[in-house]
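Asker: Here it is: the structure, laid out below.
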Amino acid sequence: MSVEGLEYDTIVQNGPKKVAMATGVDREAVRAAYDDVRSDNSLTDWAVFKYEGARIVCSATGSSFDEFREQFTDDERAFGYIRLQMGDEMSKRRKFLFVTWVGHGVSVIKRAKMSTDKAMVKDIISNFAVELQLETLSEFEIELFRDALNRAGGANYGTGVREL
């Protein structure tokens, strides 16, 4: 029997071999969106990075928190980067959050790959005050994000009233 015949018999008896595809990142697009969110001259407050096959790409950018929340669904994995205005009456500053999203409908295998995929994304998105891992859409509340940033930021000396 020929080599081709043996290979064919093996495939028929044992099934085809599954080869895990390595995840890639569209580094230029992810970097451009990251820089846009970080820029003081940009109105872009967030960027979302999703999977297109085995590649992570920038899927959307915008300025409204509600639009940011709408980018995440129960059957997918994604990463988000968002800028929020923080501070009190005495000082305003911009803070950044990195979000890892794994919806409830994502398979165990894809969930397991998230840690290595996240490391690749964080090679590009490296400047943020807080990292959140979210799994339910109810966790996408702006006040929860602000609270996490306040806790990470340390002292908050505001009185709530600014005397002029």
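For the structure tokens, the naming scheme is as follows: chains receive sequential letters (A, B, ...) according to their order of presentation, residues are indexed from 1 within each chain, and ligands are indexed from 1 in presentation order.
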Where does DSSP see alpha helix (DSSP H) in range 103-163 of chain A, if you list the residues as a VMD selection string?

Answerer: chain A and resid 108 to 122 142 to 153

Asker: Give me, as JSON lines, the closest atom pair and its distance (Å, one decimal) for every residue of range 30-84 of chain A within a cut-off of 7 Å of range 123-145 of chain A, counting only C-alpha atoms, rows sorted by chain and rising number.

Answerer:
{"residue": "A:Arg31", "atom": "CA", "partner": "A:Ile124", "partner_atom": "CA", "distance": 6.2}
{"residue": "A:Tyr34", "atom": "CA", "partner": "A:Ile125", "partner_atom": "CA", "distance": 6.5}
{"residue": "A:Arg69", "atom": "CA", "partner": "A:Phe140", "partner_atom": "CA", "distance": 6.1}

Asker: Excluding Thr73 in chain A and residues on its chain fewer than 3 positions from it, collect all residues at most 8 Å away from it, counting only C-alpha atoms, and give them as a tab-separated table (two decimals) with N, CA, C and O atoms, in the first residue's frame.

Answerer:
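And here is the file that came out, result.tsv:
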chain	number	residue	atom	x	y	z
A	70	GLU	N	-22.66	48.20	24.06
A	70	GLU	CA	-23.36	47.46	23.01
A	70	GLU	C	-22.43	46.58	22.17
A	70	GLU	O	-22.91	45.72	21.44
A	76	GLU	N	-19.40	35.85	22.43
A	76	GLU	CA	-18.09	36.20	21.89
A	76	GLU	C	-17.09	36.60	22.97
A	76	GLU	O	-17.45	36.84	24.11
A	103	GLY	N	-18.04	36.13	27.05
A	103	GLY	CA	-19.47	35.92	27.23
A	103	GLY	C	-19.80	34.50	27.68
A	103	GLY	O	-18.99	33.58	27.54
A	137	LEU	N	-23.27	41.09	31.06
A	137	LEU	CA	-23.54	42.43	30.57
A	137	LEU	C	-23.95	43.38	31.70
A	137	LEU	O	-23.76	44.59	31.58

Asker: Within 8 Å of range 77-83 of chain A, counting only C-alpha atoms, which residues qualify if same-chain residues fewer than 2 places away don't, as a list of chain:residue names?

Answerer: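 Using only C-alpha atoms, the neighbours found are A:Tyr34, A:Val37, A:Arg38, A:Asp45, A:Trp46, A:Ala47, A:Val48, A:Phe49, A:Lys50, A:Tyr51, A:Phe72, A:Asp75, A:Gln85, A:Arg94, A:Lys95, A:Phe96, A:Leu97, A:Phe98, A:Val99, A:Thr100, A:Trp101, A:Val102, A:Gly103, A:Val106, A:Lys118.
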
Asker: For the selection you just gave me, I'd like the residues written to a file as a PDB file, in the first residue's frame, keeping N, CA and C atoms.

Answerer:
ATOM      1  N   TYR A  34      -5.596  52.377  19.939  1.00  0.00           N
ATOM      2  CA  TYR A  34      -5.066  52.654  21.285  1.00  0.00           C
ATOM      3  C   TYR A  34      -4.550  54.088  21.367  1.00  0.00           C
ATOM      4  N   VAL A  37      -7.466  56.628  21.356  1.00  0.00           N
ATOM      5  CA  VAL A  37      -8.148  56.744  22.651  1.00  0.00           C
ATOM      6  C   VAL A  37      -7.298  57.551  23.630  1.00  0.00           C
ATOM      7  N   ARG A  38      -6.002  57.371  23.601  1.00  0.00           N
ATOM      8  CA  ARG A  38      -5.097  58.070  24.530  1.00  0.00           C
ATOM      9  C   ARG A  38      -4.884  59.542  24.177  1.00  0.00           C
ATOM     10  N   ASP A  45     -13.255  57.886  22.803  1.00  0.00           N
ATOM     11  CA  ASP A  45     -13.098  57.505  24.210  1.00  0.00           C
ATOM     12  C   ASP A  45     -12.908  56.009  24.409  1.00  0.00           C
ATOM     13  N   TRP A  46     -13.171  55.212  23.377  1.00  0.00           N
ATOM     14  CA  TRP A  46     -13.038  53.768  23.544  1.00  0.00           C
ATOM     15  C   TRP A  46     -12.733  53.078  22.223  1.00  0.00           C
ATOM     16  N   ALA A  47     -12.181  51.881  22.373  1.00  0.00           N
ATOM     17  CA  ALA A  47     -11.940  50.996  21.228  1.00  0.00           C
ATOM     18  C   ALA A  47     -12.226  49.570  21.673  1.00  0.00           C
ATOM     19  N   VAL A  48     -12.748  48.767  20.774  1.00  0.00           N
ATOM     20  CA  VAL A  48     -13.049  47.365  21.053  1.00  0.00           C
ATOM     21  C   VAL A  48     -12.316  46.508  20.034  1.00  0.00           C
ATOM     22  N   PHE A  49     -11.720  45.431  20.531  1.00  0.00           N
ATOM     23  CA  PHE A  49     -10.931  44.521  19.717  1.00  0.00           C
ATOM     24  C   PHE A  49     -11.565  43.145  19.784  1.00  0.00           C
ATOM     25  N   LYS A  50     -11.918  42.604  18.607  1.00  0.00           N
ATOM     26  CA  LYS A  50     -12.600  41.315  18.538  1.00  0.00           C
ATOM     27  C   LYS A  50     -11.854  40.374  17.611  1.00  0.00           C
ATOM     28  N   TYR A  51     -12.310  39.140  17.603  1.00  0.00           N
ATOM     29  CA  TYR A  51     -11.719  38.093  16.779  1.00  0.00           C
ATOM     30  C   TYR A  51     -12.391  38.060  15.418  1.00  0.00           C
ATOM     31  N   PHE A  72     -20.447  44.283  23.150  1.00  0.00           N
ATOM     32  CA  PHE A  72     -20.155  42.998  23.781  1.00  0.00           C
ATOM     33  C   PHE A  72     -21.415  42.147  23.842  1.00  0.00           C
ATOM     34  N   ASP A  75     -22.050  35.621  23.167  1.00  0.00           N
ATOM     35  CA  ASP A  75     -21.455  34.531  22.410  1.00  0.00           C
ATOM     36  C   ASP A  75     -20.068  34.851  21.857  1.00  0.00           C
ATOM     37  N   GLN A  85     -13.307  60.332  32.239  1.00  0.00           N
ATOM     38  CA  GLN A  85     -12.941  61.554  32.950  1.00  0.00           C
ATOM     39  C   GLN A  85     -13.175  61.312  34.433  1.00  0.00           C
ATOM     40  N   ARG A  94      -7.896  62.181  33.130  1.00  0.00           N
ATOM     41  CA  ARG A  94      -8.401  61.049  32.352  1.00  0.00           C
ATOM     42  C   ARG A  94      -7.727  59.773  32.822  1.00  0.00           C
ATOM     43  N   LYS A  95      -8.539  58.750  32.998  1.00  0.00           N
ATOM     44  CA  LYS A  95      -8.042  57.444  33.421  1.00  0.00           C
ATOM     45  C   LYS A  95      -8.484  56.414  32.391  1.00  0.00           C
ATOM     46  N   PHE A  96      -7.716  55.330  32.320  1.00  0.00           N
ATOM     47  CA  PHE A  96      -7.951  54.319  31.296  1.00  0.00           C
ATOM     48  C   PHE A  96      -8.179  52.956  31.920  1.00  0.00           C
ATOM     49  N   LEU A  97      -9.126  52.205  31.347  1.00  0.00           N
ATOM     50  CA  LEU A  97      -9.428  50.839  31.772  1.00  0.00           C
ATOM     51  C   LEU A  97      -9.211  49.890  30.605  1.00  0.00           C
ATOM     52  N   PHE A  98      -8.729  48.706  30.930  1.00  0.00           N
ATOM     53  CA  PHE A  98      -8.607  47.618  29.959  1.00  0.00           C
ATOM     54  C   PHE A  98      -9.608  46.547  30.369  1.00  0.00           C
ATOM     55  N   VAL A  99     -10.460  46.140  29.439  1.00  0.00           N
ATOM     56  CA  VAL A  99     -11.526  45.182  29.715  1.00  0.00           C
ATOM     57  C   VAL A  99     -11.292  43.910  28.910  1.00  0.00           C
ATOM     58  N   THR A 100     -11.373  42.777  29.603  1.00  0.00           N
ATOM     59  CA  THR A 100     -11.385  41.481  28.937  1.00  0.00           C
ATOM     60  C   THR A 100     -12.804  40.931  29.071  1.00  0.00           C
ATOM     61  N   TRP A 101     -13.409  40.595  27.953  1.00  0.00           N
ATOM     62  CA  TRP A 101     -14.785  40.105  27.936  1.00  0.00           C
ATOM     63  C   TRP A 101     -14.821  38.666  27.438  1.00  0.00           C
ATOM     64  N   VAL A 102     -15.495  37.801  28.208  1.00  0.00           N
ATOM     65  CA  VAL A 102     -15.762  36.430  27.800  1.00  0.00           C
ATOM     66  C   VAL A 102     -17.232  36.173  28.094  1.00  0.00           C
ATOM     67  N   GLY A 103     -18.044  36.129  27.052  1.00  0.00           N
ATOM     68  CA  GLY A 103     -19.472  35.919  27.233  1.00  0.00           C
ATOM     69  C   GLY A 103     -19.796  34.504  27.681  1.00  0.00           C
ATOM     70  N   VAL A 106     -19.393  31.363  25.263  1.00  0.00           N
ATOM     71  CA  VAL A 106     -18.083  31.048  24.687  1.00  0.00           C
ATOM     72  C   VAL A 106     -17.643  29.659  25.155  1.00  0.00           C
ATOM     73  N   LYS A 118      -4.757  37.552  25.580  1.00  0.00           N
ATOM     74  CA  LYS A 118      -4.731  38.817  26.312  1.00  0.00           C
ATOM     75  C   LYS A 118      -3.306  39.334  26.447  1.00  0.00           C
TER      76      LYS A 118
END

Asker: At what distance in Å, to one decimal, does CA of His104 in chain A lie from CA of Ala33 in chain A?

Answerer: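 Distance reported for this atom pair: 26.7 Å.
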
Asker: Give me the residues near Thr23 in chain A as an NGL selection string, where near means some atom within 12 Å (using only C-alpha atoms) and where sequence neighbours in that chain fewer than 5 positions away do not count.

Answerer: :A and (50-57 or 110 or 113-121)

Asker: Among range 27-146 of chain A, which residues carry a DSSP assignment of strand (DSSP E or B), reported as an MDAnalysis selection string?

Answerer: chainID A and resid 46:52 55:62 77:87 92:102 130:134

Asker: What does the structure give for the distance between CA of Thr61 in chain A and CA of Thr44 in chain A, in Å to one decimal?

Answerer: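 Between CA of Thr61 in chain A and CA of Thr44 in chain A the gap is 6.6 Å.
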
Asker: Could you check how far CA of Ser59 in chain A sits from CA of Asp36 in chain A, in Å to one decimal?

Answerer: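 Calculated distance between CA of Ser59 in chain A and CA of Asp36 in chain A is 14.0 Å.
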
Asker: Considering only C-alpha atoms, state which residue in the set A:Glu67, A:Asp74, A:Lys122, A:Asn41 is at the smallest distance from Val25 in chain A.

Answerer: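 Closest residue, counting only C-alpha atoms: A:Lys122.
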